[in-house]
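Written out below as structure tokens is the structure these notes cover.
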Amino acid sequence: MSSLYLIYMNEVERIYQLREELHQHNHRYYVLNAPEIDDQTFDFLMRELQDLEAKHPECYDENSPTMRVGSDLNKNFVQVVHKYPMLSLANTYSEAEVAEFYDRVKKSLNENFEICCEMKFDGTSISLTYEEGKLVRAVTRGDGTQGDDVTDNVKTIRSIPLVLHGKGFPKEFEIRGEILMPWLVFEQLNKEREEREEPLFANPRNAASGTLKLQNSSIVASRKLDAYLYYLLGENLPGDGHYENMQTASGWGFKVSDIMRKCSTLEEVLEFIRYWDVERKNLPVATDGVVLKVNSARQQRNLGYTAKSPRWAIAYKFQAERACTRLNKVTYQVGRTGAITPVANLDPVQLAGTVVKRASLHNADIIEGLDLHIGDMVYVEKGGEIIPKIVGVDMDARFMVGDKVRFIDKCPECGSPLTRYEGEAAHYCTNDTACPPQIKGKIEHFVSRKAMNIDGLGSETIDQFYQEGMIHTIADLYSLKAPDIARLERMGKKSALNIMEGIRVSKEVPFERVLFALGIRFVGETTAKTLAKAFRSIDALAKASLDDLMQVDEIGTRIAQSILLYFSNEKNREQIERLREAGVQLEMEELDMSEYTDKLVGKSIVISGVFAHHSRDEYKEIIEKNGGKNVGSISKKTSFILAGDNMGPAKLEKANKLGIQIMTEDEFLKLLE
Ligand code: IVH
């Protein structure tokens with residue numbers, strides 16, 4: 001076989017491998033919002049594929065990842081086709097590539113030109129449409145051709161003007177920009193999520209895009225998002241210069257970054273890049289590069305576009321801060337759900353202003369992909385992420401290294417076998433009733449504010465009780481005695497009585513919260529509410545078959561199977577009996593039941609505007625209590641719109657177009673009387 005043939009086969013194989021990998025990363029990034037690799041690695045893989053595909057046109061595939069720019073479409077929002085497609089920018093990673101871009105532009109234009117340099121904000125992009133000076137629509141990038149209508153959510157962002165200032169803006173235009181979560185807000189949000197034991201956001205970008213996709217815009221409002229606008233589009237723009245137009249737009253009330261510089265030479269461009277690569281660390285929001293744009297719109301038109309990006313602009317991406325250090329060992333942490341997280345223990349190294357000793361290795365696939373050996377010199381990066389990660393191994397420095405790192409097959413805490421659920425990257429400890437971190441985690445969840453809300457029981461106290469052998473299960477909490485607590489170190493009579501009182505009061509917590517407190521996998525607050533309403537008691541729920549469970553709206557196979565698994569475990573059933581004996585609410589109270597009617601069963605209701613008698617949250621609760629469903633956006637399936645004052649014009653137009661009834665607050669209350 002000729003060596004040329006072997007190279008050919010290798011390249012073809014690589015194309016298929018890259019396509020599969022990139023499809024997966026695309027899905028994790030755009031759909032799940034949980035990327036496993038950083039943007040730079042993704043871009044490199046994509047580039048490799050683009051190059052190989054160009055070399056092998058016989059391998060053309062209309063579904064190759066190179067054929068699309070990704071999709072973050074979300075089925076719960078109305079989709080809108082972009083008037084002008086939302087293209088992405090070609091990325092560069094070196095000054096040499098910037099110089100190539102500059103020379104290309106120079107050659108093509110063959111006249112003087114200016115480059116506008118600005119920050120590349122690392123958030124989620126948005127396209128805003130203004131008509132007659134009013135914000136009418138905000139749409140996400142989606143797949144570049146169509147995106148989600150997130151107008152209601154965007155309206156909660158204070159820095160986005162709803163009505164423009166001054167005069168002189170075109171009758172209709174679009175302005176694009178980036179929605180961001182400032183570092184301080186991000187850190188505070190993650191702190192709160194940690195306290196509530198909710199999963200943390202990896203970086204402000206995920207936090208911003210996750211927030212923008214929330215169905216409840218009042219939560220969006222509480223998240224304090226920000227936005228910078230950087231691109232004006234339309235037919236009658238004020239002038240020819242991008243820089244000048246953005247300054248004018250700033251006068252209309254838009255937040256335009258003041259870090260913008262018009263450069264007339266390549267050296268000035270590079271100066272800007274070098275300066276901001278360092279200075280960006282002092283900015284309140286995340287940035288991941290610099291965007292270079294030919295300033296004149298006429299020249300932009302002359303340069304034109306490729307299929308995916310403009311020829312008149314590029315993004316220069318900053319190198320994530322990186323250090324090289326030795327891997328000493330890999331340890332494994334067990335979380336509340338039994339998820340195993342591998343952690344790299346490193347020789348301490350200085351990175352982006354902090355000393356790093358540990359880095360996350362995420363999961364078994366990442367370890368395998370890196371082909372890690374103990375003693376390897378590894379590259380550690382701190383991008384936008386809070387936890388540093390290992391991105392590669394210095395193969396040239398690999399000699400006399402120790403064993404290859406092999407992912408464990410037993411739980412490091414209790415020795416039970418591990419399992420991997422379909423579609424999940426993590427391994428889990430299967431011993432969910434006796435593995436110490438899982439037990440403690442379950443108890444912590446049980447007593448937490450949104451569950452049984454037992455005061456005075458923080459994670460340290462739970463750990464102390466556990467170490468002392470006083471609690472092994474959630475039901476043990478109800479057998480605690482005040483004198484036993486008071487005897488413990490750092491406890492006294494007062495705290496003991498406080499805890500006992502908290503436990504007593506928890507017996508009045510309604511069934512739906514008890515159901516949530518049990519910590520059944522996939523049964524969060526909302527699912528617990530739905531199940532409590534549908535089955536009314538724990539006994540009925542425990543007896544339900546897969547079919548019975550799946551009959552309930554919004555309960556799918558994953559949740560149904562998890563419930564069956566939970567009740568099939570004798571230890572769980574024992575716990576429930578003990579909770580019953582203790583007097584915990586295991587069925588809906590009569591009183592609760594009387595508040596529920598079926599007047600709105602089967603109705604999907606959109607709430608819009610400002611109300612006189614109740615808040616929007618109260619109306620949401622009223623709808624749910626009467627069997628209806630509150631949905632975020634209008635579609636053919638919407639039964640009616642509960643409209644207060646100042647209902648958004650876009651919503652009104654959509655409702656009229658689809659012929660959906662608009663009900664006033666008074667009419668609605670009358671209906672429920
Ligand atoms: S201009 C046609 N300017 O980077 C060019 N984009 O891959 C329109 N971005 O999707 C984009 N900061 O989300 C532009 N100052 C900036 C930017 C910026 C961040 C994002 C944007 C876009 C992506 C390009």
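We name chains A, B, ... following the order of the structure tokens; residues begin at 1 in each chain, and ligands are numbered from 1 as shown.
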
Please run DSSP on the backbone and report, as an MDAnalysis selection string, all residues within range 261-334 of chain A that come out as strand (DSSP E). chainID A and resid 261:263 287:294 313:317 321:334

Would you name the residues within 10 Å of ligand 1, counting only C-alpha atoms and all ligand atoms, and put them as a ChimeraX atom specification? /A:69,84-91,116-127,140-141,144,176-179,228-233,256-257,259-260,287-293,305,308-315

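Proximity of A:Leu669, A:Ala475, A:Ala426, A:Ala451 to Gly335 in chain A, computed with only C-alpha atoms, is greatest for A:Ala426.
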
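With only C-alpha atoms as the basis for measurement, A:Lys654 is the residue among A:Arg47, A:Lys654, A:Leu346, A:Ser94 that approaches Val80 in chain A most closely.
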
Give me the residues near range 494-497 of chain A as JSON, numbers by chain, where near means some atom within 6 Å (using only C-alpha atoms) and where sequence neighbours in that chain fewer than 4 positions away do not count. {"A": [482, 485, 486]}

Give me, please, the distance in Å between CA of Glu48 in chain A and CA of Leu22 in chain A, quoted to one decimal. 11.0 Å

Shell of 12 Å around Asp455 in chain A, only C-alpha atoms, local chain residues under 6 positions omitted, as a PyMOL selection string: chain A and resi 444+446-449+461-462+495-506

Could you give me, as JSON lines, every range 559-579 of chain A residue with an atom at most 12 Å from range 534-538 of chain A, plus its closest atom pair and distance in Å to one decimal, counting only C-alpha atoms, rows ordered by chain then number?
```
{"residue": "A:Ile563", "atom": "CA", "partner": "A:Ile538", "partner_atom": "CA", "distance": 11.2}
{"residue": "A:Phe567", "atom": "CA", "partner": "A:Ile538", "partner_atom": "CA", "distance": 10.0}
{"residue": "A:Asn572", "atom": "CA", "partner": "A:Ile538", "partner_atom": "CA", "distance": 12.0}
{"residue": "A:Arg573", "atom": "CA", "partner": "A:Ile538", "partner_atom": "CA", "distance": 10.3}
{"residue": "A:Ile576", "atom": "CA", "partner": "A:Ile538", "partner_atom": "CA", "distance": 8.6}
{"residue": "A:Glu577", "atom": "CA", "partner": "A:Ile538", "partner_atom": "CA", "distance": 10.4}
{"residue": "A:Leu579", "atom": "CA", "partner": "A:Ile538", "partner_atom": "CA", "distance": 11.2}
```

According to DSSP computed on the backbone, where in range 472-552 of chain A is there alpha helix (DSSP H)? Give the residues as a PyMOL selection string. chain A and resi 482-486+493-506+511-517+525-535+538-543+546-551

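Those residues that approach Gly415 in chain A to within 10 Å, counting only C-alpha atoms, are Asp409, Lys410, Cys411, Pro412, Glu413, Pro417, Leu418, Cys429, Thr430, Asn431 and Cys435 of chain A; same-chain residues fewer than 2 positions away are not listed.
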
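Checking A:Asp38, A:Asp371, A:Asp432, A:Glu381 one by one against Arg358 in chain A, counting only C-alpha atoms, you find the shortest gap at A:Glu381.
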
Hey, what's within 12 Å of Asp51 in chain A if we count only C-alpha atoms and toss same-chain stuff fewer than 2 positions away? As a list in words, please? Glu11, Val12, Arg14, Ile15, Leu18, Phe44, Leu45, Met46, Arg47, Glu48, Leu49, Glu53, Ala54, Lys55, His56, Pro57 and Thr66 of chain A

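In this model, the gap between CA of Asn236 in chain A and CA of Glu131 in chain A comes to 12.6 Å.
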
So that I can see what lies close to Ile219 in chain A, please list as a list in words the residues with an atom at most 12 Å from it, counting only C-alpha atoms and leaving out residues fewer than 2 positions away in the same chain. Asp152, Asn153, Val154, Thr156, Ile157, Leu189, Gly210, Thr211, Leu212, Lys213, Leu214, Gln215, Asn216, Ser217, Ala221, Ser222, Arg223, Lys224, Leu225, Arg616 and Asp617 of chain A

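Shortest separation to Glu489 in chain A among A:Gly556, A:Gly392, A:Val514, A:Glu460 occurs at residue A:Glu460, atoms counted being only C-alpha atoms.
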